[in-house]
Amino acid sequence: MKFFSFFYRKNKYIEDVAEQGIEYTSYYQDSFRRLKKNNAAMICLSVLALMVLIVIFAPWISPQDPNAQSLKDALRGPSAQYFLGTDEYGRDILSRIIYGTRISLSVGIISQVLATAIGVTMGVLAGYYGGYIDSLISRVMEIFAAFPELIFAMGIMYVLGPGVSNIFIALALLSWVSTARLIRGQVLQLKQKEYVEACIASGGASFQIIVRHLVPNCISTIIIMVTLGIPGAIMSEAALSFLGLGVQPPTASWGSMISAAQSYISLIPLYSVLPGLAIIIVVISFNIFGDGLRDALDPKLKNQ
Amino acid sequence: MQKKILVLVCAILALISVAGCGNSDTANSGKKVLRMAAQDPQVPLDPQKHTYSHLLKISDQILEPLIIAGDGGQLKPLLLAEMPQLKDDKKTYSFTLKSGVKFHNGEILKSSDVKYSFMRLLTEGKMGNLIDMIQGADKLEKKESNDLEGFKIIDDTHFEITLTGPYVPFLAAIATDYVVIYPEQACKAAGNDWGIKTLIGTGPFKLEAYNQGTSVILVKNENYHGVAPKLDEVDFKFIQDPNTQVMEYQKGNVDLLQLDSALYPTFANNEELKKDMHSFSPYGLVFLTMNTQKISDPKVREALSYAIDRNAICQDLLYGTATPAKTFIPKGLLGYDEGAAEYAYNPEKAKQLLAEAGYPDGIDLVAQDNTKYPTYSKLLVAIQEQAKAAGIRITINQVDNAAWADMKHSGKMTMAVSNWYIDYVDPDGMIYQTMSEKLTKQNSNFYADPIFNNLLNTARATLDSSQREAMYKQADQILTRKDYAAIPICNETMFYLAKSYVKGFNVDSSYRYYFGTTDIQK
């Protein structure tokens, strides 16, 4: 796993072992091998890869402009021109679902990256320094965690105003607390490890200890938090858009499509079912993949 | 011993079952109950303070104004012995109350109750501007006086009202659902419970229970002063989702409901529902209101008007449930200009106008969308797409009802789809109540053309109806063809579903739900 190698200095011992012809596999290589054996997780990973391709190539894949109205063709069923029918403005439902993928995935990923950035920083600071800083950050976390999630998100959206970029912020503010708590706990444990004490004893700066030793050792927790947090964020976006606080018209998002489709549920059920199905597929994929990843990254399962 | 107990138990069971039958029999025997699916007004049932149409559907059964407007705006005395007499000074009306009218609590209606209700509307109500031309109303509203000077009580059944000057629509204004008469003592005693626990009027039905969030139950007023109501009970069931309302109707759990126009295509194709569907066209208009300070060039506003394809909106987006509007004052009111040309749809002309106004590359505008009215949200999205072809790029900001109203009152709104349904059948109720200088400040429009305002002010004090008609036509022309401060879009048709056994019920263009003459004949 090249990606993580920058965290580690070249290890003379490993190189020596390799030269002697003894097979060495790193923690992440082991994990990836375990993940590959998990068929369900791999299928979900390919579904997600497909979704990413859809996001990138949306303008080429979608048969029509998702915002082009043709009022005369409003609320039609599937046909050769409109594969999945049209909405109340005569817009192509398939194209809107394809473009909706962009919103859902970007909201899921960006808000979780933001949440992780805040959560890890806060968690590490609280866990490492302890004392007043820990008390302060812990109280802030408790305040954030005390509100019911959706109500809290709605409150933030009222203050910031609707729009996609504000959804990123609202959902990040909503979900950093759980990351911060886990990281704080883990840092409290890691702080007691000999290598950290050794680093302190040999005069290592706090910043160095945090960046070189503490954060890299929390990586598996962070990866799991991100993958499992994304579906939650996607659902929250759908809920906010359903309530009219999310993306603004005419932008297509799955949540706002379901909201609009409500009125026509008995006329063309496909209109509300399809975006709902899209949400289900993405959320289940992220959940199963996240579960698989957690199993794979768990060193206790190494020899199973 | 055991046998005796068994016999006793059997006897008790038999008694209970017989008693149960008896109860359910009396509950169903001949009692006529009308059940209407309704929207929860979420406020006390006090139309002086809250003006939602959901609330009026309920309060119109309980409360009554002095005069009532029939179809076409024909005024009839309701709590009066005869129509008020206008004295020679053209500004003083003398009233005689109908004798023996009793409130639901048994009190007799007196002149002092009328005065109390008028003063309450002016000091605490929302629609005080309906009667603010009564002498001394402004002092009362500003709390400079504790009395309404222009209201003189002669005796318990006679009183006089003096206006600041001639005002033609006065009688129509006091015939609205907001200028209802409350019993002074009971209303004062109830305090904040008025409209929640108690609500007493003179209407054909009495408030039995207001179960907030669930239902309102009304029962027949046995001592009603008019024709005795035929229904024993009216139940309003609060069902928020329009789809669920219709499902309850199909199951037979409700007898009547107003149909959300977004649901029209679903149910127009349903044979069973189609025969229960009735329509009415209330006097009013759906229009685009423009902030004339933020969008100050009339050419830009005119360009937007050219960019809207009203026919496509009415025929395809609203499924033919609306007709393109060509004037601000709708058909049926004095001053409606039959000969006005239809608005043309011409994106090229719109581009040309924008270029003349100094925007050859198009213009960016912001519109605020009230999420409480899905049909108007739909309209705005369609307009957004149509305007794109003319180079007008509209950004829609969705705002919830409370924030929208707040923006509107504080002058922060740029542009919005808005509607207005008249409260009294007079062009004054349409155009003065929305576009006069006094009121445009309160709805982010800020239109203040001196000639236009002069016409409105003169017309409301002019007694000659042909002169008034000419003035309103001219004012409409200035507003919608010269300055485009409001851009008319369409006149809506509304629909309701009523079971065939609901007799004697009809909603006309006054948009009033009234069950005083309704019957159920199964």
# chains A, B, ... in the order shown; residues from 1 in each chain; ligands from 1

call {"tool": "closest_atom_pairs", "arguments": {"of": "chain A", "to": "chain B", "cutoff": "7 Å", "atoms": "only C-alpha atoms", "output": "Markdown table"}}
result
| residue | atom | partner | partner_atom | distance |
| --- | --- | --- | --- | --- |
| A:Leu71 | CA | B:Asp316 | CA | 5.4 |
| A:Lys72 | CA | B:Asp316 | CA | 5.5 |
| A:Tyr89 | CA | B:Leu317 | CA | 6.6 |
| A:Gly244 | CA | B:Gln398 | CA | 6.6 |
| A:Gln248 | CA | B:Asn397 | CA | 6.5 |
| A:Pro249 | CA | B:Ile396 | CA | 6.4 |
| A:Pro250 | CA | B:Val381 | CA | 6.6 |
| A:Ser263 | CA | B:Leu263 | CA | 6.0 |
| A:Tyr264 | CA | B:Thr266 | CA | 6.8 |
| A:Ser266 | CA | B:Thr266 | CA | 7.0 |
| A:Leu267 | CA | B:Thr266 | CA | 5.3 |

call {"tool": "residues_around", "arguments": {"residues": "B:Lys522", "least_positions_apart": "6", "cutoff": "12 Å", "atoms": "only C-alpha atoms", "output": "MDAnalysis selection string"}}
result
chainID B and resid 30:34 255 499:503

call {"tool": "write_last_selection", "arguments": {"atoms": "C-alpha atoms", "output": "PDB file, in the first residue's frame"}}
result
ATOM      1  CA  GLY B  30     -80.591   9.851  12.005  1.00  0.00           C
ATOM      2  CA  LYS B  31     -77.747  12.039  13.182  1.00  0.00           C
ATOM      3  CA  LYS B  32     -76.452  13.952  10.197  1.00  0.00           C
ATOM      4  CA  VAL B  33     -72.699  14.423  10.379  1.00  0.00           C
ATOM      5  CA  LEU B  34     -70.666  16.057   7.628  1.00  0.00           C
ATOM      6  CA  ASP B 255     -67.433  13.440   2.649  1.00  0.00           C
ATOM      7  CA  LYS B 499     -70.008  12.845  -2.150  1.00  0.00           C
ATOM      8  CA  SER B 500     -73.269  12.744  -4.083  1.00  0.00           C
ATOM      9  CA  TYR B 501     -75.311  12.585  -0.854  1.00  0.00           C
ATOM     10  CA  VAL B 502     -74.007  16.007   0.236  1.00  0.00           C
ATOM     11  CA  LYS B 503     -76.812  18.330  -0.898  1.00  0.00           C
TER      12      LYS B 503
END

call {"tool": "atom_distance", "arguments": {"atom1": "atom CA of B:Pro77", "atom2": "atom CA of B:Gly136"}}
result
25.2 Å

call {"tool": "closest_residue", "arguments": {"among": "B:Asp193, B:Glu271, B:Asp46, B:Asp138", "to": "B:Lys126", "atoms": "only C-alpha atoms"}}
result
B:Asp46

call {"tool": "residues_around", "arguments": {"residues": "stretch 476-490 of chain B", "least_positions_apart": "5", "cutoff": "7 Å", "atoms": "only C-alpha atoms", "output": "number ranges by chain"}}
result
B: 285-290, 292, 298, 301-302, 305, 310, 322-329, 447, 452

call {"tool": "write_last_selection", "arguments": {"atoms": "C-alpha atoms", "output": "PDB file, in the first residue's frame"}}
result
ATOM      1  CA  LEU B 285     -54.872  36.392  -9.578  1.00  0.00           C
ATOM      2  CA  VAL B 286     -51.527  34.617  -9.544  1.00  0.00           C
ATOM      3  CA  PHE B 287     -48.836  37.131 -10.392  1.00  0.00           C
ATOM      4  CA  LEU B 288     -45.138  37.783 -10.260  1.00  0.00           C
ATOM      5  CA  THR B 289     -44.448  40.522  -7.755  1.00  0.00           C
ATOM      6  CA  MET B 290     -41.311  42.546  -8.471  1.00  0.00           C
ATOM      7  CA  THR B 292     -39.233  47.852  -8.037  1.00  0.00           C
ATOM      8  CA  PRO B 298     -39.419  48.737 -16.201  1.00  0.00           C
ATOM      9  CA  ARG B 301     -39.662  43.719 -15.941  1.00  0.00           C
ATOM     10  CA  GLU B 302     -41.378  43.955 -19.319  1.00  0.00           C
ATOM     11  CA  SER B 305     -43.230  39.297 -19.010  1.00  0.00           C
ATOM     12  CA  ARG B 310     -48.444  31.615 -20.060  1.00  0.00           C
ATOM     13  CA  ALA B 322     -55.834  27.885 -15.002  1.00  0.00           C
ATOM     14  CA  THR B 323     -56.289  30.468 -17.721  1.00  0.00           C
ATOM     15  CA  PRO B 324     -53.689  33.036 -18.794  1.00  0.00           C
ATOM     16  CA  ALA B 325     -54.314  36.374 -17.103  1.00  0.00           C
ATOM     17  CA  LYS B 326     -54.246  39.606 -19.052  1.00  0.00           C
ATOM     18  CA  THR B 327     -55.185  42.123 -16.368  1.00  0.00           C
ATOM     19  CA  PHE B 328     -54.631  42.620 -12.663  1.00  0.00           C
ATOM     20  CA  ILE B 329     -58.315  43.123 -11.879  1.00  0.00           C
ATOM     21  CA  TYR B 447     -44.277  50.569  -6.416  1.00  0.00           C
ATOM     22  CA  PHE B 452     -51.594  55.317 -10.286  1.00  0.00           C
TER      23      PHE B 452
END

call {"tool": "residues_around", "arguments": {"residues": "stretch 287-292 of chain A", "least_positions_apart": "4", "cutoff": "12 Å", "atoms": "only C-alpha atoms", "output": "ChimeraX atom specification"}}
result
/A:31-49,220-232,234,280-283,296-298,301

call {"tool": "write_last_selection", "arguments": {"atoms": "N, CA and C atoms", "output": "tab-separated table (two decimals), in the first residue's frame"}}
result
chain	number	residue	atom	x	y	z
A	31	SER	N	-4.53	-6.62	5.11
A	31	SER	CA	-5.92	-6.17	5.16
A	31	SER	C	-6.55	-6.25	3.78
A	32	PHE	N	-5.80	-5.80	2.78
A	32	PHE	CA	-6.36	-5.79	1.44
A	32	PHE	C	-6.63	-7.22	0.96
A	33	ARG	N	-5.73	-8.12	1.35
A	33	ARG	CA	-5.95	-9.51	0.96
A	33	ARG	C	-7.22	-10.06	1.61
A	34	ARG	N	-7.40	-9.70	2.87
A	34	ARG	CA	-8.62	-10.15	3.56
A	34	ARG	C	-9.87	-9.56	2.91
A	35	LEU	N	-9.75	-8.29	2.51
A	35	LEU	CA	-10.90	-7.61	1.89
A	35	LEU	C	-11.26	-8.29	0.58
A	36	LYS	N	-10.22	-8.69	-0.18
A	36	LYS	CA	-10.47	-9.30	-1.49
A	36	LYS	C	-11.24	-10.60	-1.37
A	37	LYS	N	-11.06	-11.28	-0.23
A	37	LYS	CA	-11.76	-12.56	-0.03
A	37	LYS	C	-13.24	-12.34	0.27
A	38	ASN	N	-13.62	-11.12	0.68
A	38	ASN	CA	-15.00	-10.82	1.05
A	38	ASN	C	-15.78	-10.43	-0.21
A	39	ASN	N	-16.53	-11.41	-0.76
A	39	ASN	CA	-17.20	-11.18	-2.05
A	39	ASN	C	-18.20	-10.03	-1.99
A	40	ALA	N	-19.01	-10.02	-0.94
A	40	ALA	CA	-20.05	-8.98	-0.84
A	40	ALA	C	-19.41	-7.60	-0.86
A	41	ALA	N	-18.33	-7.44	-0.09
A	41	ALA	CA	-17.68	-6.13	-0.03
A	41	ALA	C	-17.11	-5.75	-1.38
A	42	MET	N	-16.56	-6.74	-2.10
A	42	MET	CA	-15.96	-6.42	-3.40
A	42	MET	C	-17.04	-6.03	-4.41
A	43	ILE	N	-18.20	-6.72	-4.34
A	43	ILE	CA	-19.29	-6.36	-5.26
A	43	ILE	C	-19.72	-4.92	-4.98
A	44	CYS	N	-19.86	-4.58	-3.68
A	44	CYS	CA	-20.27	-3.23	-3.32
A	44	CYS	C	-19.23	-2.21	-3.77
A	45	LEU	N	-17.96	-2.60	-3.65
A	45	LEU	CA	-16.90	-1.68	-4.08
A	45	LEU	C	-17.02	-1.41	-5.58
A	46	SER	N	-17.36	-2.47	-6.35
A	46	SER	CA	-17.48	-2.23	-7.79
A	46	SER	C	-18.72	-1.40	-8.11
A	47	VAL	N	-19.79	-1.59	-7.33
A	47	VAL	CA	-20.97	-0.74	-7.52
A	47	VAL	C	-20.58	0.72	-7.28
A	48	LEU	N	-19.80	0.94	-6.21
A	48	LEU	CA	-19.41	2.32	-5.88
A	48	LEU	C	-18.49	2.88	-6.95
A	49	ALA	N	-17.60	2.01	-7.49
A	49	ALA	CA	-16.70	2.47	-8.56
A	49	ALA	C	-17.54	2.89	-9.77
A	220	SER	N	-6.91	3.27	10.54
A	220	SER	CA	-7.96	2.29	10.24
A	220	SER	C	-9.31	2.75	10.81
A	221	THR	N	-9.29	3.31	12.02
A	221	THR	CA	-10.53	3.84	12.60
A	221	THR	C	-11.10	4.94	11.71
A	222	ILE	N	-10.20	5.80	11.23
A	222	ILE	CA	-10.67	6.94	10.43
A	222	ILE	C	-11.31	6.44	9.13
A	223	ILE	N	-10.67	5.48	8.48
A	223	ILE	CA	-11.22	4.97	7.21
A	223	ILE	C	-12.62	4.40	7.44
A	224	ILE	N	-12.76	3.65	8.53
A	224	ILE	CA	-14.07	3.04	8.80
A	224	ILE	C	-15.11	4.12	9.09
A	225	MET	N	-14.72	5.11	9.88
A	225	MET	CA	-15.66	6.19	10.20
A	225	MET	C	-16.14	6.89	8.93
A	226	VAL	N	-15.20	7.11	8.00
A	226	VAL	CA	-15.58	7.81	6.76
A	226	VAL	C	-16.54	6.95	5.94
A	227	THR	N	-16.19	5.68	5.71
A	227	THR	CA	-17.06	4.86	4.85
A	227	THR	C	-18.42	4.65	5.49
A	228	LEU	N	-18.45	4.49	6.80
A	228	LEU	CA	-19.76	4.28	7.42
A	228	LEU	C	-20.52	5.60	7.60
A	229	GLY	N	-19.82	6.71	7.57
A	229	GLY	CA	-20.49	8.01	7.73
A	229	GLY	C	-21.13	8.50	6.45
A	230	ILE	N	-20.57	8.08	5.31
A	230	ILE	CA	-21.07	8.57	4.02
A	230	ILE	C	-22.56	8.24	3.81
A	231	PRO	N	-22.98	7.00	4.02
A	231	PRO	CA	-24.42	6.73	3.80
A	231	PRO	C	-25.31	7.60	4.68
A	232	GLY	N	-24.89	7.84	5.92
A	232	GLY	CA	-25.68	8.70	6.80
A	232	GLY	C	-25.82	10.10	6.21
A	234	ILE	N	-25.57	10.90	3.06
A	234	ILE	CA	-26.43	10.86	1.86
A	234	ILE	C	-27.91	10.89	2.27
A	280	ILE	N	-31.11	3.69	-1.94
A	280	ILE	CA	-30.93	2.39	-1.26
A	280	ILE	C	-29.66	1.72	-1.74
A	281	ILE	N	-29.44	1.69	-3.07
A	281	ILE	CA	-28.27	0.99	-3.62
A	281	ILE	C	-26.98	1.61	-3.08
A	282	VAL	N	-26.89	2.93	-3.13
A	282	VAL	CA	-25.65	3.59	-2.69
A	282	VAL	C	-25.43	3.38	-1.20
A	283	VAL	N	-26.49	3.55	-0.42
A	283	VAL	CA	-26.35	3.43	1.03
A	283	VAL	C	-25.96	2.01	1.43
A	296	ALA	N	-11.63	-6.29	7.62
A	296	ALA	CA	-10.32	-6.47	7.00
A	296	ALA	C	-9.23	-5.75	7.79
A	297	LEU	N	-9.58	-4.61	8.35
A	297	LEU	CA	-8.56	-3.80	9.03
A	297	LEU	C	-8.37	-4.24	10.48
A	298	ASP	N	-9.18	-5.20	10.92
A	298	ASP	CA	-9.07	-5.63	12.32
A	298	ASP	C	-7.94	-6.64	12.46
A	301	LEU	N	-8.41	-10.35	13.45
A	301	LEU	CA	-8.96	-11.33	12.53
A	301	LEU	C	-7.90	-11.83	11.54

call {"tool": "residues_around", "arguments": {"residues": "B:Val168", "least_positions_apart": "5", "cutoff": "8 Å", "atoms": "only C-alpha atoms", "output": "MDAnalysis selection string"}}
result
chainID B and resid 460:463

call {"tool": "atom_distance", "arguments": {"atom1": "atom CA of B:Gly411", "atom2": "atom CA of B:Ile363"}}
result
21.3 Å

call {"tool": "select_by_dssp", "arguments": {"residues": "stretch 167-360 of chain B", "states": "alpha helix (DSSP H)", "output": "ChimeraX atom specification"}}
result
/B:170-173,184-190,242-251,264-268,271-274,298-307,310-312,347-356

call {"tool": "write_last_selection", "arguments": {"atoms": "N, CA and C atoms", "output": "compact mmCIF listing (two decimals), in the first residue's frame"}}
result
# COMPACT_ATOMS: atom_id res chain seq x y z
N PHE B 170 -67.25 50.40 1.49
CA PHE B 170 -67.32 50.20 2.94
C PHE B 170 -68.20 49.02 3.35
N LEU B 171 -69.41 48.97 2.79
CA LEU B 171 -70.32 47.89 3.19
C LEU B 171 -69.78 46.53 2.76
N ALA B 172 -69.11 46.51 1.58
CA ALA B 172 -68.51 45.24 1.13
C ALA B 172 -67.38 44.85 2.08
N ALA B 173 -66.65 45.86 2.57
CA ALA B 173 -65.52 45.56 3.46
C ALA B 173 -65.98 44.99 4.79
N GLU B 184 -69.12 40.78 23.63
CA GLU B 184 -68.07 41.52 24.34
C GLU B 184 -67.63 40.82 25.62
N GLN B 185 -68.62 40.50 26.48
CA GLN B 185 -68.26 39.96 27.80
C GLN B 185 -67.54 38.62 27.70
N ALA B 186 -68.10 37.72 26.90
CA ALA B 186 -67.51 36.38 26.80
C ALA B 186 -66.12 36.44 26.20
N CYS B 187 -65.94 37.31 25.21
CA CYS B 187 -64.64 37.40 24.54
C CYS B 187 -63.59 37.96 25.50
N LYS B 188 -63.97 39.00 26.26
CA LYS B 188 -63.04 39.57 27.23
C LYS B 188 -62.70 38.54 28.30
N ALA B 189 -63.74 37.80 28.76
CA ALA B 189 -63.52 36.83 29.84
C ALA B 189 -62.61 35.70 29.38
N ALA B 190 -62.71 35.31 28.10
CA ALA B 190 -61.93 34.16 27.63
C ALA B 190 -60.45 34.51 27.50
N PRO B 242 -52.13 15.82 1.03
CA PRO B 242 -53.26 15.85 0.11
C PRO B 242 -53.60 14.47 -0.45
N ASN B 243 -52.58 13.64 -0.68
CA ASN B 243 -52.84 12.28 -1.17
C ASN B 243 -53.65 11.47 -0.16
N THR B 244 -53.28 11.60 1.11
CA THR B 244 -53.98 10.86 2.16
C THR B 244 -55.43 11.34 2.25
N GLN B 245 -55.62 12.66 2.09
CA GLN B 245 -56.99 13.20 2.12
C GLN B 245 -57.86 12.47 1.10
N VAL B 246 -57.34 12.32 -0.12
CA VAL B 246 -58.13 11.69 -1.16
C VAL B 246 -58.36 10.21 -0.85
N MET B 247 -57.33 9.55 -0.28
CA MET B 247 -57.50 8.13 0.06
C MET B 247 -58.60 7.96 1.11
N GLU B 248 -58.62 8.86 2.09
CA GLU B 248 -59.67 8.81 3.11
C GLU B 248 -61.04 9.03 2.47
N TYR B 249 -61.08 9.91 1.49
CA TYR B 249 -62.33 10.18 0.77
C TYR B 249 -62.80 8.91 0.06
N GLN B 250 -61.85 8.23 -0.60
CA GLN B 250 -62.21 7.02 -1.34
C GLN B 250 -62.68 5.92 -0.41
N LYS B 251 -62.08 5.88 0.80
CA LYS B 251 -62.49 4.86 1.77
C LYS B 251 -63.84 5.19 2.39
N TYR B 264 -54.51 17.17 -9.56
CA TYR B 264 -55.54 17.15 -10.60
C TYR B 264 -55.34 16.05 -11.65
N PRO B 265 -54.12 15.92 -12.24
CA PRO B 265 -53.97 14.91 -13.31
C PRO B 265 -54.24 13.50 -12.81
N THR B 266 -53.94 13.25 -11.54
CA THR B 266 -54.14 11.91 -10.99
C THR B 266 -55.63 11.58 -10.93
N PHE B 267 -56.43 12.56 -10.53
CA PHE B 267 -57.83 12.25 -10.26
C PHE B 267 -58.78 12.61 -11.39
N ALA B 268 -58.32 13.43 -12.34
CA ALA B 268 -59.18 13.75 -13.48
C ALA B 268 -59.39 12.51 -14.34
N GLU B 271 -62.57 7.74 -13.04
CA GLU B 271 -64.00 7.90 -13.35
C GLU B 271 -64.84 8.12 -12.09
N GLU B 272 -64.50 7.37 -11.05
CA GLU B 272 -65.30 7.41 -9.83
C GLU B 272 -65.21 8.80 -9.17
N LEU B 273 -63.99 9.35 -9.14
CA LEU B 273 -63.80 10.64 -8.49
C LEU B 273 -64.26 11.80 -9.37
N LYS B 274 -64.16 11.57 -10.67
CA LYS B 274 -64.46 12.64 -11.62
C LYS B 274 -65.89 13.16 -11.43
N PRO B 298 -38.19 49.38 -15.72
CA PRO B 298 -39.42 48.74 -16.20
C PRO B 298 -39.17 47.86 -17.43
N LYS B 299 -38.15 48.20 -18.22
CA LYS B 299 -37.87 47.41 -19.43
C LYS B 299 -37.46 45.98 -19.08
N VAL B 300 -36.71 45.84 -17.97
CA VAL B 300 -36.31 44.50 -17.54
C VAL B 300 -37.54 43.71 -17.13
N ARG B 301 -38.44 44.40 -16.40
CA ARG B 301 -39.66 43.72 -15.94
C ARG B 301 -40.55 43.35 -17.13
N GLU B 302 -40.59 44.24 -18.12
CA GLU B 302 -41.38 43.95 -19.32
C GLU B 302 -40.77 42.77 -20.07
N ALA B 303 -39.45 42.74 -20.12
CA ALA B 303 -38.76 41.64 -20.80
C ALA B 303 -39.14 40.32 -20.16
N LEU B 304 -39.20 40.30 -18.84
CA LEU B 304 -39.56 39.07 -18.12
C LEU B 304 -40.97 38.63 -18.50
N SER B 305 -41.86 39.62 -18.63
CA SER B 305 -43.23 39.30 -19.01
C SER B 305 -43.27 38.63 -20.39
N TYR B 306 -42.44 39.14 -21.32
CA TYR B 306 -42.38 38.54 -22.67
C TYR B 306 -41.77 37.15 -22.64
N ALA B 307 -40.96 36.87 -21.62
CA ALA B 307 -40.25 35.58 -21.57
C ALA B 307 -41.12 34.46 -21.02
N ARG B 310 -47.30 31.84 -20.95
CA ARG B 310 -48.44 31.62 -20.06
C ARG B 310 -49.33 30.47 -20.52
N ASN B 311 -49.44 30.30 -21.85
CA ASN B 311 -50.30 29.22 -22.35
C ASN B 311 -49.76 27.86 -21.97
N ALA B 312 -48.44 27.69 -22.12
CA ALA B 312 -47.83 26.40 -21.77
C ALA B 312 -48.00 26.15 -20.28
N PRO B 347 -39.55 35.51 -26.65
CA PRO B 347 -38.22 35.61 -26.05
C PRO B 347 -37.30 36.56 -26.82
N GLU B 348 -37.51 36.67 -28.14
CA GLU B 348 -36.65 37.55 -28.94
C GLU B 348 -36.88 39.01 -28.56
N LYS B 349 -38.16 39.34 -28.42
CA LYS B 349 -38.53 40.70 -28.01
C LYS B 349 -37.96 40.98 -26.61
N ALA B 350 -37.99 39.95 -25.76
CA ALA B 350 -37.46 40.10 -24.40
C ALA B 350 -35.97 40.42 -24.45
N LYS B 351 -35.25 39.68 -25.31
CA LYS B 351 -33.81 39.94 -25.45
C LYS B 351 -33.55 41.36 -25.91
N GLN B 352 -34.38 41.78 -26.87
CA GLN B 352 -34.24 43.12 -27.43
C GLN B 352 -34.45 44.18 -26.34
N LEU B 353 -35.49 43.97 -25.52
CA LEU B 353 -35.76 44.92 -24.43
C LEU B 353 -34.61 44.95 -23.43
N LEU B 354 -34.05 43.78 -23.14
CA LEU B 354 -32.92 43.71 -22.21
C LEU B 354 -31.73 44.47 -22.78
N ALA B 355 -31.51 44.31 -24.08
CA ALA B 355 -30.41 45.02 -24.72
C ALA B 355 -30.62 46.53 -24.61
N GLU B 356 -31.87 46.95 -24.84
CA GLU B 356 -32.18 48.38 -24.72
C GLU B 356 -31.94 48.88 -23.31

call {"tool": "atom_distance", "arguments": {"atom1": "atom CA of B:Pro427", "atom2": "atom CA of B:Thr517"}}
result
28.9 Å

call {"tool": "residues_around", "arguments": {"residues": "stretch 120-130 of chain A", "least_positions_apart": "4", "cutoff": "6 Å", "atoms": "only C-alpha atoms", "output": "ChimeraX atom specification"}}
result
/A:116,134,180,183-184,187-188

call {"tool": "closest_residue", "arguments": {"among": "A:Leu50, A:Ala233, A:Ala278, A:Ile137", "to": "A:Arg181", "atoms": "only C-alpha atoms"}}
result
A:Ile137

call {"tool": "residues_around", "arguments": {"residues": "stretch 90-97 of chain A", "least_positions_apart": "6", "cutoff": "6 Å", "atoms": "only C-alpha atoms", "output": "PyMOL selection string"}}
result
chain A and resi 62+64+66+68-71+73-74+82+84+252

call {"tool": "write_last_selection", "arguments": {"atoms": "N, CA and C atoms", "output": "compact mmCIF listing (two decimals), in the first residue's frame"}}
result
# COMPACT_ATOMS: atom_id res chain seq x y z
N SER A 62 -25.98 10.65 -19.71
CA SER A 62 -27.40 10.96 -19.60
C SER A 62 -27.97 11.31 -20.97
N GLN A 64 -30.48 13.08 -21.87
CA GLN A 64 -31.01 14.43 -22.12
C GLN A 64 -30.43 15.41 -21.11
N PRO A 66 -30.71 17.38 -17.98
CA PRO A 66 -31.62 17.09 -16.85
C PRO A 66 -32.55 18.25 -16.51
N ALA A 68 -33.80 20.45 -18.94
CA ALA A 68 -34.57 20.90 -20.10
C ALA A 68 -36.04 20.49 -19.92
N GLN A 69 -36.93 21.48 -19.96
CA GLN A 69 -38.35 21.18 -19.76
C GLN A 69 -39.04 21.01 -21.11
N SER A 70 -40.02 20.12 -21.10
CA SER A 70 -40.88 19.99 -22.26
C SER A 70 -42.27 19.80 -21.68
N LEU A 71 -42.91 20.93 -21.33
CA LEU A 71 -44.15 20.88 -20.55
C LEU A 71 -45.20 19.97 -21.18
N ASP A 73 -44.80 17.13 -22.51
CA ASP A 73 -44.57 15.71 -22.23
C ASP A 73 -44.60 15.41 -20.74
N ALA A 74 -45.17 16.31 -19.94
CA ALA A 74 -45.12 16.13 -18.48
C ALA A 74 -45.79 14.84 -18.03
N TYR A 82 -38.03 8.81 -23.52
CA TYR A 82 -37.71 8.96 -22.09
C TYR A 82 -37.75 7.57 -21.46
N LEU A 84 -37.21 6.28 -18.58
CA LEU A 84 -37.88 6.06 -17.30
C LEU A 84 -39.04 7.04 -17.10
N ALA A 252 -31.00 18.74 -9.81
CA ALA A 252 -31.61 17.46 -9.47
C ALA A 252 -30.89 16.83 -8.28

call {"tool": "select_by_dssp", "arguments": {"residues": "stretch 217-315 of chain B", "states": "strand (DSSP E or B)", "output": "PyMOL selection string"}}
result
chain B and resi 217-220+233-238+256-259+277-280+284-290
